[in-house]
Structures are given as structure tokens and as C-alpha cells.
Amino acid sequence: MKKSVFFGALTVAGLAAGAAAAGTMDDVKARGKLNCGVTTGLVGFAAPDANGEWNGFDVAVCRAVAAAVLGDQNAVEFVPTTGKTRFTALASGEIDMLARNTTWTFSRDVDLKFEFVGVNYYDGQGFMVPKSLGVSSAKELDGATVCIQTGTTTELNLADFFRSNNISYEPVPIETNAEAQQQYLAGACDVYTTDASGLAATRATFETPGDHVILPEIISKEPLGPLVRHGDNEWGDIARWSLNALIAAEEYGVTSANIEELAKGTNNPEINRLLGTEGTLGEMLGLDKEWAKRAIAANGNYGEIFAKNIGENTPVGLARGLNAQWTNGGLLYAPPFR
Ligand SMILES: N[C@@H](CCC(=O)N[C@@H](CS)C(=O)NCC(=O)O)C(=O)O
């Protein structure tokens, strides 16, 4: 055990000390499987299909890491977690990483002692209401009942927003998105509030999505990304650079269609370092030369993963917006592979 962990009494108390010790990569290799925490189900982000196979934008991050480390994107045990249980699952060692639309905040880093390895979706909190409510702004929601998932930043932002606008609300606390959807459609609350991406994903599953509107206000910053425990930098590096490999691949035009060809060597040294035909980046991570090639080949580059799971041609229908590459006016910017 290289490092013991102390958790604040009100945060994730009562966990086995030392769960965050280094050696996660060795544990994952010995087990032959990555234990990856995801949601209990959010269409487009993480959800099992009819055969029980998990798919989605967050699931693809788990699969990329499994491909990099274990050579098999299917060597993943997907562990469903709620807003409340996700941090205990990670702190206790039940999961090796969490990829579950989780917002990078100060207290989750510094107090809960987790390391966010990057951002895979820049988001913000929004509100959805039935059209029949006749509301066009969140500021008109005085006195509304609001469905809200517990253990989330959503809860805290909601309180801040209503307080700063001098209006009141009645929370209807809920554990999972499925339950929130059910309660909202049953009229148990006037409003559902969560990350705007989550609202789009939820509305996409409604029988008549057009009966519901997403209000114009985005009341927070929600940088969503994968996280690991503090105290195991080697493992953090693997998760961070696997995500960066997906982002860089899009920037350099490396796709699932051309990766085999490009992996024979190109005249672009950065692509060569990324795909392992030049340099020793894999070795520096404790992996082989083709770690990033496998991570990218698993489900394609960041843009392919976005388009397939949540993009404008899917029912979720999200535009790239802030999640465009920096070369297209967005915030996605992978540091150099050198
Ligand atoms: N980003 C916020 C909210 C995350 C969150 O829990 N979102 C809900 C609604 S989009 C969700 O993922 N639900 C899936 C589930 O219930 O498992 C946070 O990190 O606290």
C-alpha cells in the first residue's frame, strides 16, 4: 500500500483504507477485465441493448481503456451506478474507473480525492417541461415541483438558481434517470432538471418528444469526464491518454476506416507516435506500442463515437457545440503526443 486515503465524514465514509493504493493496472491485468462504473442507463451515453451488451458515448471510453490495457474492448465489467453510489463504488475499489456523465468539481477532486482524467463532454444544466405548462423561461418556475437526482451537482445548482432569482420550488428527489422519467411523465413533478445532454437523451425515449420543451436557460458548467482514484498516477495516465488518443485521432483524421493503413507508417510524425510506429510512448505508459491504435480501433475516434451515439443523426440529436475540436471553434484540445 503506497498511500492511504482519508475521506471527509460527510462524503464517502467507512471505506477500506488503502483502496486507492497504486497498482490498478496490475489488478486489471491480473483480473483480465476492467471494472468500469457507468450509469444505470441513459440512452446514447450508457445503456445495455436487448442482448445485454452495453453501448454508448461513456461506454466507449471504458472500451477504449480496456482495448489499450487488455487488448480487448469487450473485457469490461460494466457496473451500473447511481448519482449517489458512484463515488463509493470508485473509492472502495469496486470499480477501476468511473465513466458516467460525472461533473469535474473542486470538491470531488480535493475532498473526495478523485482524479478527473479529462473531459469527454462539456455540458450545462437545463430544464425540461411539458409544453402544456406554457412556460418559456426557467425564471417563470416559481412554486414548481422539480424532479431531481440525488447526489448530483444538479441538486446544488438548482438551489443556487432559485435562490439567486428569488423564487421557490419543491424538490421531488429521485435516484435514477429511469425513475425521474417515469415520475415526470406521470406528472409527479412539473419540471425535470439535469445536464442538458441528459435531458436530450431522456426526451429522445418519450413517445411524443414534441410535447416537451427544453427551456433556454443553461444554469451551470458541467464538464463531464472519466475519473479514477487519487494515488495511482500510472493508472490515471492510462485513462487520461486513452481519452486523449480518441480526441487526437479525430484531430489528425485517424478513423476506424483508415487506422490499419495509417498504422503502417505515415509522413506525419505525431500520427506515427500515436499509432506506435515511431517513439516509445506505449512503453512509457507501461503498455505496448499499439495501445492507442487499439483504443481508437475499438469504436473509432472521438468524433465517430459522438456521431454514432449522441450526434445529430441519432435520436438524442446533440450538436457538437462546445464539444467540437479546437480547430473548429470548440473546446476539445488533446495535448501533444510526444
Ligand atoms: N453531472 C451531474 C449529474 C449526473 C447525473 O446523475 N445525471 C443523471 C441524469 S442525466 C444520470 O446520469 N442518470 C443516469 C442514472 O440514473 O443512472 C453530476 O455529476 O452530479
# chains A, B, ... in the order shown; residues from 1 in each chain; ligands from 1
$ residues_around --residues "A:Leu287" --least-positions-apart "6" --cutoff "10 Å" --atoms "only C-alpha atoms" --output "PDB file with N, CA and C atoms, in the first residue's frame"
ATOM      1  N   MET A  25      -3.399  -0.920 -12.598  1.00  0.00           N
ATOM      2  CA  MET A  25      -3.139  -1.568 -13.884  1.00  0.00           C
ATOM      3  C   MET A  25      -2.833  -3.056 -13.678  1.00  0.00           C
ATOM      4  N   ALA A  68      -6.852  -0.676 -24.789  1.00  0.00           N
ATOM      5  CA  ALA A  68      -5.463  -0.240 -24.612  1.00  0.00           C
ATOM      6  C   ALA A  68      -4.713  -1.171 -23.656  1.00  0.00           C
ATOM      7  N   VAL A  69      -5.351  -1.513 -22.553  1.00  0.00           N
ATOM      8  CA  VAL A  69      -4.655  -2.253 -21.494  1.00  0.00           C
ATOM      9  C   VAL A  69      -4.713  -3.762 -21.707  1.00  0.00           C
ATOM     10  N   LEU A  70      -5.864  -4.245 -22.126  1.00  0.00           N
ATOM     11  CA  LEU A  70      -6.077  -5.694 -22.175  1.00  0.00           C
ATOM     12  C   LEU A  70      -6.158  -6.236 -23.599  1.00  0.00           C
ATOM     13  N   ILE A 238      -2.964   6.257 -17.833  1.00  0.00           N
ATOM     14  CA  ILE A 238      -3.523   5.361 -18.862  1.00  0.00           C
ATOM     15  C   ILE A 238      -4.923   5.812 -19.265  1.00  0.00           C
ATOM     16  N   THR A 280       8.390   5.796 -28.227  1.00  0.00           N
ATOM     17  CA  THR A 280       8.174   4.760 -27.204  1.00  0.00           C
ATOM     18  C   THR A 280       7.089   5.189 -26.216  1.00  0.00           C
ATOM     19  N   LEU A 281       6.044   5.852 -26.716  1.00  0.00           N
ATOM     20  CA  LEU A 281       5.015   6.359 -25.792  1.00  0.00           C
ATOM     21  C   LEU A 281       4.335   5.212 -25.038  1.00  0.00           C
TER      22      LEU A 281
END
$ residues_near_ligand --ligand "ligand 1" --cutoff "6 Å" --atoms "only C-alpha atoms and all ligand atoms" --output "short mmCIF file (atom, residue, chain, number, x, y, z; two decimals) with N, CA and C atoms, in the first residue's frame"
data_model
loop_
_atom_site.label_atom_id
_atom_site.label_comp_id
_atom_site.auth_asym_id
_atom_site.auth_seq_id
_atom_site.Cartn_x
_atom_site.Cartn_y
_atom_site.Cartn_z
N THR A 39 -23.66 4.58 -15.84
CA THR A 39 -24.98 4.90 -15.27
C THR A 39 -25.80 3.63 -15.15
N THR A 40 -26.98 3.78 -14.56
CA THR A 40 -27.90 2.65 -14.55
C THR A 40 -28.62 2.56 -15.90
N GLY A 41 -28.40 3.54 -16.74
CA GLY A 41 -29.00 3.52 -18.08
C GLY A 41 -29.38 4.92 -18.52
N LEU A 42 -28.73 5.40 -19.56
CA LEU A 42 -29.08 6.70 -20.15
C LEU A 42 -28.80 6.55 -21.64
N THR A 81 -24.13 2.43 -11.75
CA THR A 81 -24.08 3.21 -10.51
C THR A 81 -25.08 4.36 -10.60
N THR A 82 -25.57 4.79 -9.46
CA THR A 82 -26.47 5.95 -9.42
C THR A 82 -25.65 7.18 -9.05
N GLY A 83 -26.31 8.33 -9.06
CA GLY A 83 -25.64 9.56 -8.66
C GLY A 83 -25.05 9.42 -7.27
N ASN A 101 -21.20 10.38 -17.02
CA ASN A 101 -21.58 11.81 -17.03
C ASN A 101 -21.41 12.49 -15.67
N THR A 102 -20.17 12.43 -15.18
CA THR A 102 -19.87 12.98 -13.86
C THR A 102 -19.11 14.29 -14.00
N THR A 103 -19.62 15.30 -13.31
CA THR A 103 -19.04 16.65 -13.42
C THR A 103 -17.77 16.78 -12.59
N THR A 152 -26.18 14.66 -6.85
CA THR A 152 -25.65 15.27 -8.08
C THR A 152 -25.35 16.76 -7.88
N THR A 153 -24.59 17.30 -8.81
CA THR A 153 -24.37 18.75 -8.83
C THR A 153 -25.69 19.44 -9.17
N THR A 154 -26.56 18.72 -9.87
CA THR A 154 -27.86 19.26 -10.29
C THR A 154 -28.64 19.81 -9.10
N THR A 176 -32.71 7.46 -9.90
CA THR A 176 -32.18 7.13 -11.24
C THR A 176 -32.93 7.91 -12.32
N ASN A 177 -32.31 7.96 -13.49
CA ASN A 177 -32.93 8.66 -14.60
C ASN A 177 -34.23 7.98 -15.03
N THR A 194 -31.68 18.35 -15.25
CA THR A 194 -30.42 17.61 -15.19
C THR A 194 -29.50 18.22 -16.27
N ASP A 195 -28.37 17.56 -16.51
CA ASP A 195 -27.48 18.02 -17.57
C ASP A 195 -28.27 18.08 -18.89
N GLY A 198 -28.40 15.00 -20.82
CA GLY A 198 -29.28 14.00 -20.20
C GLY A 198 -30.74 14.28 -20.52
N GLU A 222 -21.00 22.08 -16.57
CA GLU A 222 -20.89 20.66 -16.20
C GLU A 222 -19.87 19.99 -17.12
#
$ select_by_dssp --residues "stretch 87-257 of chain A" --states "alpha helix (DSSP H)" --output "ChimeraX atom specification"
/A:87-92,106-110,153-164,177-185,196-204,233-252
$ residues_around --residues "A:Met97" --least-positions-apart "5" --cutoff "6 Å" --atoms "only C-alpha atoms" --output "PyMOL selection string"
chain A and resi 36+227-228
$ write_last_selection --atoms "N, CA and C atoms" --output "compact mmCIF listing (two decimals), in the first residue's frame"
# COMPACT_ATOMS: atom_id res chain seq x y z
N CYS A 36 -15.69 -1.07 -14.91
CA CYS A 36 -15.94 0.32 -15.28
C CYS A 36 -17.33 0.74 -14.80
N LEU A 227 -13.11 9.45 -14.36
CA LEU A 227 -12.28 9.68 -13.18
C LEU A 227 -11.78 8.38 -12.57
N VAL A 228 -10.68 8.53 -11.85
CA VAL A 228 -10.06 7.41 -11.13
C VAL A 228 -9.78 7.89 -9.70
$ closest_residue --among "A:Ser132, A:Thr277, A:Thr205, A:Ser242" --to "A:Ala64" --atoms "only C-alpha atoms"
A:Ser242
$ select_by_dssp --residues "stretch 41-93 of chain A" --states "strand (DSSP E or B)" --output "list in words"
Leu42, Ala46, Ala47, Pro48, Trp54, Asn55, Val76, Glu77, Phe78, Val79 and Pro80 of chain A
$ closest_residue --among "A:Pro269, A:Leu141, A:Gly286, A:Glu312" --to "A:Arg338" --atoms "only C-alpha atoms"
A:Pro269
$ closest_atom_pairs --of "stretch 60-159 of chain A" --to "stretch 246-260 of chain A" --cutoff "10 Å" --atoms "only C-alpha atoms" --output "Markdown table"
| residue | atom | partner | partner_atom | distance |
| --- | --- | --- | --- | --- |
| A:Ala60 | CA | A:Leu246 | CA | 10.0 |
| A:Val61 | CA | A:Leu246 | CA | 8.8 |
| A:Ala64 | CA | A:Leu246 | CA | 8.3 |
| A:Asn120 | CA | A:Ile247 | CA | 8.8 |
$ closest_residue --among "A:Val28, A:Val316, A:Ala89, A:Val129" --to "A:Ala75" --atoms "only C-alpha atoms"
A:Val28
$ residues_around --residues "A:Lys139" --least-positions-apart "2" --cutoff "10 Å" --atoms "only C-alpha atoms" --output "ChimeraX atom specification"
/A:135-137,141-142,161-162,165-167,215,217
$ closest_residue --among "A:Ala324, A:Ala204, A:Leu156, A:Ala180" --to "A:Gly44" --atoms "only C-alpha atoms"
A:Ala204
$ residues_around --residues "A:Asp190" --least-positions-apart "3" --cutoff "9 Å" --atoms "only C-alpha atoms" --output "list in words"
Met128, Val129, Pro130, Leu133, Leu141, Ala144, Thr145, Val146, Cys147, Tyr184 and Gly187 of chain A
$ closest_residue --among "A:Asn233, A:Glu155, A:Gly143, A:Gly126" --to "A:Pro216" --atoms "only C-alpha atoms"
A:Gly126
$ atom_distance --atom1 "atom CA of A:Gly225" --atom2 "atom CA of A:Ala263"
27.9 Å
$ closest_residue --among "A:Pro335, A:Gly330, A:Gly124, A:Gly118" --to "A:Ile218" --atoms "only C-alpha atoms"
A:Gly124
$ atom_distance --atom1 "atom CA of A:Phe337" --atom2 "atom CA of A:Asp288"
15.3 Å
$ residues_around --residues "A:Gly321" --least-positions-apart "2" --cutoff "12 Å" --atoms "only C-alpha atoms" --output "count of residues only"
20
